[in-house]
Amino acid sequence: MSSKDSVPNCAAAAVLVRSEGVPDDAQPIRGYDFENGVDYNALLSTYINTGFQATSFGRAVDIVNKMRAWRLSDEPVADTDCEEDRDLEYRKSVKCKIFLGYTSNLVSSGIRETIKYLVKNSMVDVLVSSAGGVEEDFIKCLAPTYLGDFTLEGRALRSKGLNRIGNLIVPNDNYCKFEDWIVPILDQMLKEQKEDGTVWTPSKVIHRLGKEINHPDSIYYWAYKNNIPVYCPAITDGSLGDMLYFHSYRSPGLVIDVVQDIRAMNTEAVRAKKSGVIILGGGLVKHHICNANLMRNGADYAVFVNTAQEFDGSDAGARPDEAVSWGKIKADAESVKVYAEASLVFPLLVAQTFAKNN
């Protein structure tokens, strides 16, 4: 064969580069085989080796299960441990403290029921949400939210008194019912402040509202029943804020102290023997949880679920590794970000973790 009919050496060298050996523990990519029928547990179990965001989901399952399984007895006794911390039975009882954060749209959606399940069964220890994530839970106890469409025209909806949240519809009458329900409670809170010296904080307000709603569908009813603290650093940024605004004209004087709550929230993290965070969405709830864990030099486990990207420098889009640089997640922590919309992913995550073998 003449040289002109031979593969050029440079092309062969470029295309036929020899590989180094892969590690012995390298996992081959393989998805679910539907020849085995429809088995959702088996299907979700294959995600870890499927690749892309399926693998991120699989890692999230592993990390949440590790949060749930950890006990202080798994760790060696340290020289600095107090007498109680040295007791084996006590060490077996100490669990990882799990912080769950979520944005308001998720409570507007059917993810509310998934969160309620976790709180009702005391599977998480601390909740953080925005004002909408609090008020929408109570409003749903008073009147339903409906399925709509992303393409419904805003002008037409406004003329009908219908509010759109993505493809959900909330009649404005729901907020009127909310006002009718909450104003007498705010009046009573103001009375207790004046007569008993009660100092209200956002978490105490939510605790009280959870008691007053007295409804088994409510996240915050179960948080009240199970004494699970709920922190909402922007409690005025929503319909709750509207109600407080109107109330300040009708019955001035109600004070809500945010300083007590930041101390309480940070103390939740500082006193945790092990800390795990699960954060659905971004913004305020994500930063509030991560910043509290800075006070203990970082969380030990972290699972983020959101669709935000990091190229704009937003905290919402930041990967866990950025939080490591701030000391909000430990350098040796197990962490993952699942780039996915939480209403699709979170029920599946709970199915493979908290709800499995419960």
# chains A, B, ... in the order shown; residues from 1 in each chain; ligands from 1

$ closest_atom_pairs --of "stretch 91-187 of chain A" --to "stretch 225-233 of chain A" --cutoff "7 Å" --atoms "only C-alpha atoms" --output "JSON lines"
{"residue": "A:Ser122", "atom": "CA", "partner": "A:Asn226", "partner_atom": "CA", "distance": 6.7}
{"residue": "A:Asp125", "atom": "CA", "partner": "A:Ile228", "partner_atom": "CA", "distance": 5.9}
{"residue": "A:Val126", "atom": "CA", "partner": "A:Pro229", "partner_atom": "CA", "distance": 5.5}
{"residue": "A:Leu127", "atom": "CA", "partner": "A:Val230", "partner_atom": "CA", "distance": 4.6}
{"residue": "A:Val128", "atom": "CA", "partner": "A:Tyr231", "partner_atom": "CA", "distance": 4.8}
{"residue": "A:Ser129", "atom": "CA", "partner": "A:Cys232", "partner_atom": "CA", "distance": 5.4}
{"residue": "A:Ser130", "atom": "CA", "partner": "A:Cys232", "partner_atom": "CA", "distance": 5.5}
{"residue": "A:Ala131", "atom": "CA", "partner": "A:Cys232", "partner_atom": "CA", "distance": 6.4}

$ select_by_dssp --residues "stretch 164-345 of chain A" --states "alpha helix (DSSP H)" --output "ChimeraX atom specification"
/A:173-196,202-213,219-225,239-250,258-270,284-294,320-326,342-345

$ closest_atom_pairs --of "stretch 12-122 of chain A" --to "stretch 270-288 of chain A" --cutoff "7 Å" --atoms "only C-alpha atoms" --output "JSON lines"
{"residue": "A:Met67", "atom": "CA", "partner": "A:Gly276", "partner_atom": "CA", "distance": 6.1}
{"residue": "A:Cys96", "atom": "CA", "partner": "A:Lys274", "partner_atom": "CA", "distance": 4.6}
{"residue": "A:Lys97", "atom": "CA", "partner": "A:Ser275", "partner_atom": "CA", "distance": 5.0}
{"residue": "A:Ile98", "atom": "CA", "partner": "A:Gly276", "partner_atom": "CA", "distance": 4.8}
{"residue": "A:Phe99", "atom": "CA", "partner": "A:Val277", "partner_atom": "CA", "distance": 4.7}
{"residue": "A:Leu100", "atom": "CA", "partner": "A:Ile278", "partner_atom": "CA", "distance": 5.0}
{"residue": "A:Gly101", "atom": "CA", "partner": "A:Ile279", "partner_atom": "CA", "distance": 4.6}
{"residue": "A:Tyr102", "atom": "CA", "partner": "A:Leu280", "partner_atom": "CA", "distance": 4.7}
{"residue": "A:Thr103", "atom": "CA", "partner": "A:Gly281", "partner_atom": "CA", "distance": 5.8}

$ select_by_dssp --residues "stretch 106-258 of chain A" --states "strand (DSSP E or B)" --output "count of residues only"
18

$ closest_residue --among "A:Ile235, A:Ser73, A:Arg208, A:Ile115" --to "A:Glu89" --atoms "only C-alpha atoms"
A:Ser73

$ residues_around --residues "A:Val199" --least-positions-apart "6" --cutoff "10 Å" --atoms "only C-alpha atoms" --output "list in words"
Met189, Leu190, Glu192, Gln193, Val205, Leu254, Val255, Ile256, Asp257 and Gln260 of chain A

$ residues_around --residues "A:Tyr245" --least-positions-apart "2" --cutoff "12 Å" --atoms "only C-alpha atoms" --output "PyMOL selection string"
chain A and resi 179+183+186+235-243+247-255

$ write_last_selection --atoms "N, CA and C atoms" --output "short mmCIF file (atom, residue, chain, number, x, y, z; two decimals), in the first residue's frame"
data_model
loop_
_atom_site.label_atom_id
_atom_site.label_comp_id
_atom_site.auth_asym_id
_atom_site.auth_seq_id
_atom_site.Cartn_x
_atom_site.Cartn_y
_atom_site.Cartn_z
N GLU A 179 -57.64 36.99 55.99
CA GLU A 179 -57.71 38.19 56.82
C GLU A 179 -58.74 38.02 57.93
N VAL A 183 -56.96 38.24 61.77
CA VAL A 183 -57.03 39.51 62.49
C VAL A 183 -57.39 39.33 63.97
N LEU A 186 -54.29 38.24 65.75
CA LEU A 186 -53.34 39.36 65.94
C LEU A 186 -53.81 40.26 67.08
N ILE A 235 -40.85 37.46 57.40
CA ILE A 235 -42.27 37.17 57.65
C ILE A 235 -43.20 38.24 57.11
N THR A 236 -42.70 39.45 56.88
CA THR A 236 -43.55 40.52 56.36
C THR A 236 -43.66 40.52 54.84
N ASP A 237 -42.91 39.65 54.16
CA ASP A 237 -42.84 39.68 52.69
C ASP A 237 -43.90 38.76 52.07
N GLY A 238 -45.17 39.12 52.27
CA GLY A 238 -46.25 38.31 51.74
C GLY A 238 -47.57 38.77 52.31
N SER A 239 -48.58 37.93 52.19
CA SER A 239 -49.90 38.29 52.72
C SER A 239 -49.86 38.49 54.23
N LEU A 240 -49.01 37.74 54.91
CA LEU A 240 -48.83 37.97 56.35
C LEU A 240 -48.40 39.41 56.62
N GLY A 241 -47.49 39.90 55.80
CA GLY A 241 -47.05 41.28 55.93
C GLY A 241 -48.19 42.25 55.65
N ASP A 242 -49.02 41.92 54.65
CA ASP A 242 -50.18 42.77 54.37
C ASP A 242 -51.09 42.85 55.59
N MET A 243 -51.32 41.70 56.21
CA MET A 243 -52.20 41.67 57.38
C MET A 243 -51.61 42.47 58.54
N HIS A 247 -53.21 45.76 60.19
CA HIS A 247 -53.45 45.69 61.63
C HIS A 247 -52.76 46.85 62.35
N SER A 248 -51.62 47.29 61.82
CA SER A 248 -50.89 48.38 62.47
C SER A 248 -51.66 49.69 62.43
N TYR A 249 -52.63 49.82 61.51
CA TYR A 249 -53.49 51.00 61.46
C TYR A 249 -54.71 50.85 62.37
N ARG A 250 -55.28 49.64 62.36
CA ARG A 250 -56.48 49.42 63.16
C ARG A 250 -56.16 49.32 64.64
N SER A 251 -55.06 48.60 64.95
CA SER A 251 -54.68 48.38 66.36
C SER A 251 -53.16 48.47 66.47
N PRO A 252 -52.61 49.67 66.48
CA PRO A 252 -51.14 49.81 66.47
C PRO A 252 -50.49 49.20 67.71
N GLY A 253 -49.23 48.77 67.53
CA GLY A 253 -48.43 48.39 68.69
C GLY A 253 -47.83 47.00 68.69
N LEU A 254 -48.32 46.11 67.83
CA LEU A 254 -47.78 44.74 67.83
C LEU A 254 -46.33 44.77 67.35
N VAL A 255 -45.43 44.14 68.11
CA VAL A 255 -44.01 44.10 67.78
C VAL A 255 -43.58 42.65 67.59
#

$ residues_around --residues "stretch 161-177 of chain A" --least-positions-apart "6" --cutoff "8 Å" --atoms "only C-alpha atoms" --output "list in words"
Asn105, Ser108, Ser109, Ile139, Leu142, Ala143, Pro144, Thr145, Tyr146, Leu147, Gly148, Asp149, Phe150, Thr151, Gly154 and Ser239 of chain A

$ closest_residue --among "A:Ser93, A:Gln188, A:Ser159, A:Asn214" --to "A:Cys141" --atoms "only C-alpha atoms"
A:Asn214

$ closest_residue --among "A:Asn65, A:Asn293, A:Asn9, A:Ser343" --to "A:Thr307" --atoms "only C-alpha atoms"
A:Ser343

$ residues_around --residues "stretch 41-47 of chain A" --least-positions-apart "6" --cutoff "9 Å" --atoms "only C-alpha atoms" --output "PyMOL selection string"
chain A and resi 30-34+53-59+348+351-352

$ closest_residue --among "A:Ala60, A:Ile329, A:Leu209, A:Gly133" --to "A:Phe304" --atoms "only C-alpha atoms"
A:Ala60

$ decode --residues "stretch 257-272 of chain A" --atoms "all heavy atoms" --output "PDB file, in the first residue's frame"
ATOM      1  N   ASP A 257     -40.117  40.495  67.144  1.00  0.00           N
ATOM      2  CA  ASP A 257     -38.668  40.607  67.358  1.00  0.00           C
ATOM      3  C   ASP A 257     -37.923  39.569  66.522  1.00  0.00           C
ATOM      4  O   ASP A 257     -38.031  38.367  66.778  1.00  0.00           O
ATOM      5  CB  ASP A 257     -38.390  40.407  68.856  1.00  0.00           C
ATOM      6  CG  ASP A 257     -36.916  40.534  69.219  1.00  0.00           C
ATOM      7  OD1 ASP A 257     -36.100  40.785  68.316  1.00  0.00           O
ATOM      8  OD2 ASP A 257     -36.585  40.371  70.405  1.00  0.00           O
ATOM      9  N   VAL A 258     -37.155  40.033  65.536  1.00  0.00           N
ATOM     10  CA  VAL A 258     -36.399  39.104  64.695  1.00  0.00           C
ATOM     11  C   VAL A 258     -35.063  38.716  65.321  1.00  0.00           C
ATOM     12  O   VAL A 258     -34.463  37.699  64.951  1.00  0.00           O
ATOM     13  CB  VAL A 258     -36.162  39.682  63.282  1.00  0.00           C
ATOM     14  CG1 VAL A 258     -37.480  39.913  62.564  1.00  0.00           C
ATOM     15  CG2 VAL A 258     -35.335  40.953  63.320  1.00  0.00           C
ATOM     16  N   VAL A 259     -34.582  39.516  66.283  1.00  0.00           N
ATOM     17  CA  VAL A 259     -33.267  39.242  66.878  1.00  0.00           C
ATOM     18  C   VAL A 259     -33.299  37.959  67.695  1.00  0.00           C
ATOM     19  O   VAL A 259     -32.378  37.144  67.628  1.00  0.00           O
ATOM     20  CB  VAL A 259     -32.792  40.439  67.726  1.00  0.00           C
ATOM     21  CG1 VAL A 259     -31.464  40.111  68.409  1.00  0.00           C
ATOM     22  CG2 VAL A 259     -32.655  41.681  66.867  1.00  0.00           C
ATOM     23  N   GLN A 260     -34.370  37.760  68.460  1.00  0.00           N
ATOM     24  CA  GLN A 260     -34.483  36.515  69.223  1.00  0.00           C
ATOM     25  C   GLN A 260     -34.446  35.299  68.306  1.00  0.00           C
ATOM     26  O   GLN A 260     -33.864  34.273  68.633  1.00  0.00           O
ATOM     27  CB  GLN A 260     -35.778  36.503  70.043  1.00  0.00           C
ATOM     28  CG  GLN A 260     -35.708  37.284  71.336  1.00  0.00           C
ATOM     29  CD  GLN A 260     -36.827  36.871  72.288  1.00  0.00           C
ATOM     30  OE1 GLN A 260     -37.308  35.741  72.274  1.00  0.00           O
ATOM     31  NE2 GLN A 260     -37.236  37.801  73.136  1.00  0.00           N
ATOM     32  N   ASP A 261     -35.085  35.443  67.131  1.00  0.00           N
ATOM     33  CA  ASP A 261     -35.139  34.301  66.216  1.00  0.00           C
ATOM     34  C   ASP A 261     -33.795  34.001  65.567  1.00  0.00           C
ATOM     35  O   ASP A 261     -33.460  32.835  65.347  1.00  0.00           O
ATOM     36  CB  ASP A 261     -36.198  34.526  65.139  1.00  0.00           C
ATOM     37  CG  ASP A 261     -37.489  33.772  65.438  1.00  0.00           C
ATOM     38  OD1 ASP A 261     -37.648  33.298  66.583  1.00  0.00           O
ATOM     39  OD2 ASP A 261     -38.349  33.664  64.545  1.00  0.00           O
ATOM     40  N   ILE A 262     -33.021  35.030  65.234  1.00  0.00           N
ATOM     41  CA  ILE A 262     -31.717  34.727  64.627  1.00  0.00           C
ATOM     42  C   ILE A 262     -30.818  34.046  65.647  1.00  0.00           C
ATOM     43  O   ILE A 262     -30.039  33.145  65.318  1.00  0.00           O
ATOM     44  CB  ILE A 262     -31.048  35.982  64.023  1.00  0.00           C
ATOM     45  CG1 ILE A 262     -29.824  35.596  63.175  1.00  0.00           C
ATOM     46  CG2 ILE A 262     -30.628  36.977  65.084  1.00  0.00           C
ATOM     47  CD1 ILE A 262     -30.124  34.712  62.001  1.00  0.00           C
ATOM     48  N   ARG A 263     -30.955  34.434  66.903  1.00  0.00           N
ATOM     49  CA  ARG A 263     -30.193  33.747  67.946  1.00  0.00           C
ATOM     50  C   ARG A 263     -30.657  32.298  68.082  1.00  0.00           C
ATOM     51  O   ARG A 263     -29.841  31.382  68.186  1.00  0.00           O
ATOM     52  CB  ARG A 263     -30.341  34.491  69.277  1.00  0.00           C
ATOM     53  CG  ARG A 263     -29.632  33.793  70.419  1.00  0.00           C
ATOM     54  CD  ARG A 263     -29.509  34.665  71.636  1.00  0.00           C
ATOM     55  NE  ARG A 263     -28.949  33.926  72.764  1.00  0.00           N
ATOM     56  CZ  ARG A 263     -28.491  34.483  73.868  1.00  0.00           C
ATOM     57  NH1 ARG A 263     -28.501  35.802  73.994  1.00  0.00           N
ATOM     58  NH2 ARG A 263     -28.002  33.748  74.848  1.00  0.00           N
ATOM     59  N   ALA A 264     -31.976  32.089  68.081  1.00  0.00           N
ATOM     60  CA  ALA A 264     -32.508  30.731  68.223  1.00  0.00           C
ATOM     61  C   ALA A 264     -32.124  29.863  67.025  1.00  0.00           C
ATOM     62  O   ALA A 264     -31.738  28.698  67.185  1.00  0.00           O
ATOM     63  CB  ALA A 264     -34.023  30.789  68.378  1.00  0.00           C
ATOM     64  N   MET A 265     -32.221  30.424  65.817  1.00  0.00           N
ATOM     65  CA  MET A 265     -31.886  29.670  64.610  1.00  0.00           C
ATOM     66  C   MET A 265     -30.412  29.280  64.607  1.00  0.00           C
ATOM     67  O   MET A 265     -30.053  28.117  64.340  1.00  0.00           O
ATOM     68  CB  MET A 265     -32.212  30.514  63.370  1.00  0.00           C
ATOM     69  CG  MET A 265     -31.800  29.889  62.052  1.00  0.00           C
ATOM     70  SD  MET A 265     -32.687  28.374  61.668  1.00  0.00           S
ATOM     71  CE  MET A 265     -31.877  27.910  60.133  1.00  0.00           C
ATOM     72  N   ASN A 266     -29.537  30.212  64.897  1.00  0.00           N
ATOM     73  CA  ASN A 266     -28.108  29.899  64.917  1.00  0.00           C
ATOM     74  C   ASN A 266     -27.769  28.898  66.013  1.00  0.00           C
ATOM     75  O   ASN A 266     -26.890  28.041  65.832  1.00  0.00           O
ATOM     76  CB  ASN A 266     -27.294  31.180  65.098  1.00  0.00           C
ATOM     77  CG  ASN A 266     -27.319  32.059  63.864  1.00  0.00           C
ATOM     78  OD1 ASN A 266     -27.835  31.674  62.828  1.00  0.00           O
ATOM     79  ND2 ASN A 266     -26.776  33.258  63.983  1.00  0.00           N
ATOM     80  N   THR A 267     -28.467  28.987  67.140  1.00  0.00           N
ATOM     81  CA  THR A 267     -28.234  28.044  68.240  1.00  0.00           C
ATOM     82  C   THR A 267     -28.644  26.629  67.840  1.00  0.00           C
ATOM     83  O   THR A 267     -28.020  25.653  68.270  1.00  0.00           O
ATOM     84  CB  THR A 267     -28.996  28.496  69.500  1.00  0.00           C
ATOM     85  OG1 THR A 267     -28.523  29.795  69.884  1.00  0.00           O
ATOM     86  CG2 THR A 267     -28.775  27.539  70.657  1.00  0.00           C
ATOM     87  N   GLU A 268     -29.694  26.506  67.008  1.00  0.00           N
ATOM     88  CA  GLU A 268     -30.087  25.178  66.506  1.00  0.00           C
ATOM     89  C   GLU A 268     -28.887  24.498  65.837  1.00  0.00           C
ATOM     90  O   GLU A 268     -28.643  23.302  66.021  1.00  0.00           O
ATOM     91  CB  GLU A 268     -31.228  25.300  65.494  1.00  0.00           C
ATOM     92  CG  GLU A 268     -32.540  25.800  66.038  1.00  0.00           C
ATOM     93  CD  GLU A 268     -33.309  24.753  66.819  1.00  0.00           C
ATOM     94  OE1 GLU A 268     -32.850  23.593  66.905  1.00  0.00           O
ATOM     95  OE2 GLU A 268     -34.374  25.101  67.360  1.00  0.00           O
ATOM     96  N   ALA A 269     -28.135  25.272  65.065  1.00  0.00           N
ATOM     97  CA  ALA A 269     -26.986  24.712  64.360  1.00  0.00           C
ATOM     98  C   ALA A 269     -25.804  24.498  65.296  1.00  0.00           C
ATOM     99  O   ALA A 269     -25.158  23.443  65.271  1.00  0.00           O
ATOM    100  CB  ALA A 269     -26.593  25.629  63.209  1.00  0.00           C
ATOM    101  N   VAL A 270     -25.528  25.481  66.134  1.00  0.00           N
ATOM    102  CA  VAL A 270     -24.366  25.412  67.020  1.00  0.00           C
ATOM    103  C   VAL A 270     -24.430  24.181  67.916  1.00  0.00           C
ATOM    104  O   VAL A 270     -23.423  23.511  68.166  1.00  0.00           O
ATOM    105  CB  VAL A 270     -24.247  26.697  67.866  1.00  0.00           C
ATOM    106  CG1 VAL A 270     -23.243  26.536  68.989  1.00  0.00           C
ATOM    107  CG2 VAL A 270     -23.858  27.879  66.970  1.00  0.00           C
ATOM    108  N   ARG A 271     -25.610  23.850  68.404  1.00  0.00           N
ATOM    109  CA  ARG A 271     -25.765  22.752  69.348  1.00  0.00           C
ATOM    110  C   ARG A 271     -25.948  21.386  68.690  1.00  0.00           C
ATOM    111  O   ARG A 271     -26.039  20.372  69.373  1.00  0.00           O
ATOM    112  CB  ARG A 271     -26.939  23.038  70.280  1.00  0.00           C
ATOM    113  CG  ARG A 271     -26.679  24.215  71.228  1.00  0.00           C
ATOM    114  CD  ARG A 271     -27.832  24.437  72.176  1.00  0.00           C
ATOM    115  NE  ARG A 271     -27.549  25.523  73.102  1.00  0.00           N
ATOM    116  CZ  ARG A 271     -28.431  26.034  73.957  1.00  0.00           C
ATOM    117  NH1 ARG A 271     -29.675  25.549  73.993  1.00  0.00           N
ATOM    118  NH2 ARG A 271     -28.089  27.019  74.768  1.00  0.00           N
ATOM    119  N   ALA A 272     -26.010  21.366  67.358  1.00  0.00           N
ATOM    120  CA  ALA A 272     -26.184  20.092  66.658  1.00  0.00           C
ATOM    121  C   ALA A 272     -24.894  19.279  66.695  1.00  0.00           C
ATOM    122  O   ALA A 272     -23.823  19.784  66.358  1.00  0.00           O
ATOM    123  CB  ALA A 272     -26.596  20.351  65.214  1.00  0.00           C
TER     124      ALA A 272
END
